[in-house]
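Undergrad: The structure is given below, and queries will be raised subsequently.
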Amino acid sequence: MLCHNPYVLYTHYGIYYCSALVHYAWLTENIEPELQNIIKSFKRSDNDYCINVWANIWRFTIDIALNHGFNVIAFEPSPYTYHNFRINTVLSNIEDKIESYNIWLWNTNSDLLFATGERCDTMAHFIEDNELWTKKMSWKIWKKIKIPVKRFDDLWISDRKIKNTRLVIIDTEWFEFNVLMWMKESLKKFNNVKIIVEIWEHKKEKEEIISFMKWLWYEVQQLDREDYLFIK
């Protein structure tokens, strides 16, 4: 069910402006219990940071800042979703705890072509070639746009914030290895950190990610079918 009228939804995860009533179901579902348990396990201080790669407008960023007290560095590629995300940080009165970037994290510094919905709170999909667009993405609600792409290690993020990062959430739909490879220097600097990465079972990157993180001296634990926890 998609609607073009905006809604303001009041939930215990925060206050959300969105364009579809179906999002109410997404917002009110329970956050994965494994993630909730990990968040609750922290003895958090006011200086602790969480990095959320692919924030969307939803509760992972806002809930972590609003209800768990983290400072959050958030990344969201779609400019339309990012606009709503910024509204939601204001509605939930946590804009002072959020440092946000309207970019995609990957293994290059450039602009790349994505498909995204202009009037929906939806994801931005990287377009690898025109064939993909023709077969899968040529719906009327989608349009092609160029989005800035940056390597995490090339962003100016202070060493203090890296040092105080306690939680990292990476869910980038099969591009997790690219993100991790180009935040290698930060991964080396993280200490007392827990990193949750979605890894699809059928993707070849699974073993590469696990080997890469072990090489950086991270312990690995499988949380469920698709989510892995790396601890250092």
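So you can find residues: chains in the structure tokens are A, B, ... in the order shown, residues in each start at 1, and ligands are numbered from 1 in order.
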Once DSSP has gone over the backbone, tell me which residues of region 156-230 of chain A are in alpha helix (DSSP H), as a PyMOL selection string.

TA: chain A and resi 159-163+176-181+184-189+205-215

Undergrad: Measuring between only C-alpha atoms, which one of A:Phe177, A:Trp215, A:Ile64, A:Gly69 shows the shortest distance to Asn47 (chain A)?

TA: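 Distance minimum relative to Asn47 (chain A) lands on A:Gly69.
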
Undergrad: How many Å lie between CA of Ser92 (chain A) and CA of Ile39 (chain A), rounded to one decimal?

TA: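 One can read the CA of Ser92 (chain A) to CA of Ile39 (chain A) distance as 19.4 Å.
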
Undergrad: What lies within 12 Å of Leu229 (chain A) using only C-alpha atoms, ignoring chain neighbours under 4 positions off, as number ranges by chain?

TA: A: 34-35, 38, 167-170, 193-199, 209-210, 213-214, 218-225

Undergrad: Can you spit out the residues from that selection as an mmCIF file, in the first residue's frame, using N, CA, C and O atoms?

TA:
```cif
data_model
loop_
_atom_site.group_PDB
_atom_site.id
_atom_site.type_symbol
_atom_site.label_atom_id
_atom_site.label_comp_id
_atom_site.auth_asym_id
_atom_site.auth_seq_id
_atom_site.Cartn_x
_atom_site.Cartn_y
_atom_site.Cartn_z
ATOM 1 N N GLU A 34 18.245 -10.042 18.736
ATOM 2 C CA GLU A 34 19.701 -10.121 18.880
ATOM 3 C C GLU A 34 20.308 -8.722 18.945
ATOM 4 O O GLU A 34 21.197 -8.451 19.760
ATOM 5 N N LEU A 35 19.822 -7.836 18.076
ATOM 6 C CA LEU A 35 20.348 -6.476 18.072
ATOM 7 C C LEU A 35 19.973 -5.751 19.355
ATOM 8 O O LEU A 35 20.796 -5.039 19.943
ATOM 9 N N ILE A 38 22.216 -6.856 22.113
ATOM 10 C CA ILE A 38 23.563 -6.299 21.970
ATOM 11 C C ILE A 38 23.587 -4.849 22.432
ATOM 12 O O ILE A 38 24.489 -4.422 23.161
ATOM 13 N N LEU A 167 29.524 0.630 18.551
ATOM 14 C CA LEU A 167 28.617 -0.205 17.772
ATOM 15 C C LEU A 167 28.624 0.262 16.328
ATOM 16 O O LEU A 167 28.575 1.466 16.052
ATOM 17 N N VAL A 168 28.704 -0.708 15.396
ATOM 18 C CA VAL A 168 28.620 -0.420 13.956
ATOM 19 C C VAL A 168 27.586 -1.364 13.366
ATOM 20 O O VAL A 168 27.616 -2.572 13.633
ATOM 21 N N ILE A 169 26.652 -0.825 12.570
ATOM 22 C CA ILE A 169 25.636 -1.624 11.888
ATOM 23 C C ILE A 169 25.793 -1.406 10.391
ATOM 24 O O ILE A 169 25.722 -0.269 9.916
ATOM 25 N N ILE A 170 26.032 -2.486 9.635
ATOM 26 C CA ILE A 170 26.236 -2.386 8.187
ATOM 27 C C ILE A 170 25.253 -3.318 7.494
ATOM 28 O O ILE A 170 25.325 -4.537 7.644
ATOM 29 N N VAL A 193 34.610 -2.641 20.475
ATOM 30 C CA VAL A 193 33.537 -2.359 19.531
ATOM 31 C C VAL A 193 32.831 -3.652 19.129
ATOM 32 O O VAL A 193 33.436 -4.732 19.144
ATOM 33 N N LYS A 194 31.552 -3.536 18.796
ATOM 34 C CA LYS A 194 30.778 -4.642 18.242
ATOM 35 C C LYS A 194 30.235 -4.208 16.888
ATOM 36 O O LYS A 194 29.620 -3.141 16.778
ATOM 37 N N ILE A 195 30.466 -5.034 15.869
ATOM 38 C CA ILE A 195 30.080 -4.702 14.498
ATOM 39 C C ILE A 195 29.097 -5.751 14.001
ATOM 40 O O ILE A 195 29.420 -6.946 13.972
ATOM 41 N N ILE A 196 27.916 -5.318 13.623
ATOM 42 C CA ILE A 196 26.893 -6.214 13.098
ATOM 43 C C ILE A 196 26.825 -6.026 11.586
ATOM 44 O O ILE A 196 26.610 -4.916 11.101
ATOM 45 N N VAL A 197 27.016 -7.110 10.853
ATOM 46 C CA VAL A 197 27.048 -7.057 9.389
ATOM 47 C C VAL A 197 26.058 -8.070 8.839
ATOM 48 O O VAL A 197 26.065 -9.236 9.253
ATOM 49 N N GLU A 198 25.203 -7.617 7.915
ATOM 50 C CA GLU A 198 24.338 -8.565 7.214
ATOM 51 C C GLU A 198 25.143 -9.224 6.099
ATOM 52 O O GLU A 198 25.695 -8.547 5.244
ATOM 53 N N ILE A 199 25.209 -10.553 6.115
ATOM 54 C CA ILE A 199 25.939 -11.308 5.090
ATOM 55 C C ILE A 199 24.994 -12.355 4.518
ATOM 56 O O ILE A 199 24.571 -13.266 5.235
ATOM 57 N N ILE A 209 34.485 -11.750 3.785
ATOM 58 C CA ILE A 209 34.257 -10.847 4.913
ATOM 59 C C ILE A 209 34.782 -11.458 6.202
ATOM 60 O O ILE A 209 35.499 -10.803 6.974
ATOM 61 N N ILE A 210 34.452 -12.716 6.449
ATOM 62 C CA ILE A 210 34.879 -13.372 7.684
ATOM 63 C C ILE A 210 36.408 -13.451 7.746
ATOM 64 O O ILE A 210 37.017 -13.148 8.782
ATOM 65 N N MET A 213 37.863 -9.908 8.399
ATOM 66 C CA MET A 213 37.702 -9.430 9.763
ATOM 67 C C MET A 213 38.590 -10.209 10.739
ATOM 68 O O MET A 213 39.124 -9.634 11.701
ATOM 69 N N LYS A 214 38.763 -11.495 10.499
ATOM 70 C CA LYS A 214 39.681 -12.265 11.341
ATOM 71 C C LYS A 214 41.112 -11.778 11.159
ATOM 72 O O LYS A 214 41.891 -11.751 12.120
ATOM 73 N N TYR A 218 39.398 -9.560 14.628
ATOM 74 C CA TYR A 218 38.043 -9.550 15.167
ATOM 75 C C TYR A 218 37.569 -10.979 15.407
ATOM 76 O O TYR A 218 37.811 -11.862 14.575
ATOM 77 N N GLU A 219 36.895 -11.177 16.530
ATOM 78 C CA GLU A 219 36.211 -12.446 16.765
ATOM 79 C C GLU A 219 34.884 -12.423 16.017
ATOM 80 O O GLU A 219 34.266 -11.362 15.856
ATOM 81 N N VAL A 220 34.430 -13.580 15.553
ATOM 82 C CA VAL A 220 33.203 -13.648 14.766
ATOM 83 C C VAL A 220 32.178 -14.549 15.434
ATOM 84 O O VAL A 220 32.534 -15.581 16.011
ATOM 85 N N GLN A 221 30.928 -14.120 15.364
ATOM 86 C CA GLN A 221 29.825 -14.906 15.919
ATOM 87 C C GLN A 221 28.623 -14.759 14.992
ATOM 88 O O GLN A 221 28.249 -13.641 14.623
ATOM 89 N N GLN A 222 28.014 -15.866 14.587
ATOM 90 C CA GLN A 222 26.821 -15.809 13.746
ATOM 91 C C GLN A 222 25.591 -15.634 14.629
ATOM 92 O O GLN A 222 25.312 -16.456 15.501
ATOM 93 N N LEU A 223 24.833 -14.550 14.395
ATOM 94 C CA LEU A 223 23.657 -14.249 15.204
ATOM 95 C C LEU A 223 22.419 -14.982 14.705
ATOM 96 O O LEU A 223 21.619 -15.475 15.485
ATOM 97 N N ASP A 224 22.242 -14.988 13.404
ATOM 98 C CA ASP A 224 21.125 -15.693 12.773
ATOM 99 C C ASP A 224 21.544 -16.032 11.353
ATOM 100 O O ASP A 224 22.734 -15.990 11.033
ATOM 101 N N ARG A 225 20.585 -16.323 10.501
ATOM 102 C CA ARG A 225 20.933 -16.792 9.166
ATOM 103 C C ARG A 225 21.753 -15.774 8.380
ATOM 104 O O ARG A 225 22.644 -16.146 7.617
#
```

Undergrad: Could you tell me how far CA of Pro148 (chain A) lies from CA of Pro79 (chain A), in Å and to one decimal?

TA: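 According to the coordinates, CA of Pro148 (chain A) and CA of Pro79 (chain A) are separated by 10.4 Å.
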
Undergrad: Record the distance separating CA of Leu9 (chain A) and CA of Asn102 (chain A), expressed in Å with one decimal.

TA: 23.1 Å

Undergrad: Find the spatial neighbours of Asn164 (chain A), counting only C-alpha atoms, within a cut-off of 8 Å - ignore same-chain residues fewer than 6 positions away - and output them as a count of residues only.

TA: 4

Undergrad: So, counting only C-alpha atoms, which residue among A:Leu113, A:Val8, A:Leu216, A:Ile73 is closest to Ser158 (chain A)?

TA: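 Among the listed residues, the smallest separation from Ser158 (chain A) belongs to A:Ile73.
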
Undergrad: Which of these, A:Trp54, A:Arg86, A:Asn93, A:Thr61, has the shortest distance to Val179 (chain A) once you count only C-alpha atoms?

TA: A:Trp54

Undergrad: For Ile15 (chain A), which residue out of A:Asp153, A:Glu201, A:Asp63, A:Asp46 is the nearest one, using only C-alpha atoms?

TA: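 Result for the nearest residue to Ile15 (chain A): A:Asp63.
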
Undergrad: Between A:Ile147, A:Ile98, A:Ile231, A:Val90, which residue has the minimum interatomic distance to Ala115 (chain A), considering only C-alpha atoms?

TA: A:Ile147

Undergrad: If you run DSSP on the backbone, which residues of region 148-193 of chain A are strand (DSSP E), as a list in words?

TA: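 Result set for region 148-193 of chain A (strand (DSSP E)): Pro148, Val149, Lys150, Thr165, Arg166, Leu167, Val168, Ile169 and Ile170 of chain A.
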
Undergrad: Extract, using only C-alpha atoms, all DNA, RNA and protein residues at most 8 Å from Glu76 (chain A), discarding same-chain residues fewer than 4 positions from it, and format them as a ChimeraX atom specification.

TA: /A:53-56,81-82,100-104

Undergrad: Would you save the residues of that selection, restricted to C-alpha atoms, as a CSV table (one decimal), in the first residue's frame?

TA:
```
chain,number,residue,atom,x,y,z
A,53,VAL,CA,25.6,2.4,7.3
A,54,TRP,CA,22.4,2.7,5.3
A,55,ALA,CA,20.1,4.5,7.8
A,56,ASN,CA,16.9,4.8,5.8
A,81,THR,CA,14.8,9.3,2.1
A,82,TYR,CA,17.6,11.4,3.6
A,100,SER,CA,24.4,12.3,9.0
A,101,TYR,CA,25.8,11.9,5.5
A,102,ASN,CA,23.7,11.8,2.3
A,103,ILE,CA,26.2,9.5,0.5
A,104,TRP,CA,26.8,5.8,-0.2
```

Undergrad: For Arg44 (chain A), list every protein, DNA or RNA residue within 9 Å, evaluated using only C-alpha atoms, and leave out those in the same chain fewer than 5 positions away; present the list as a ChimeraX atom specification.

TA: /A:68-70,166

Undergrad: Restricting the calculation to only C-alpha atoms: of A:Lys206, A:Lys150, A:Lys144, A:Lys189, which residue gets closest to Trp174 (chain A)?

TA: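 Comparing A:Lys206, A:Lys150, A:Lys144, A:Lys189 against Trp174 (chain A), the winner is A:Lys206.
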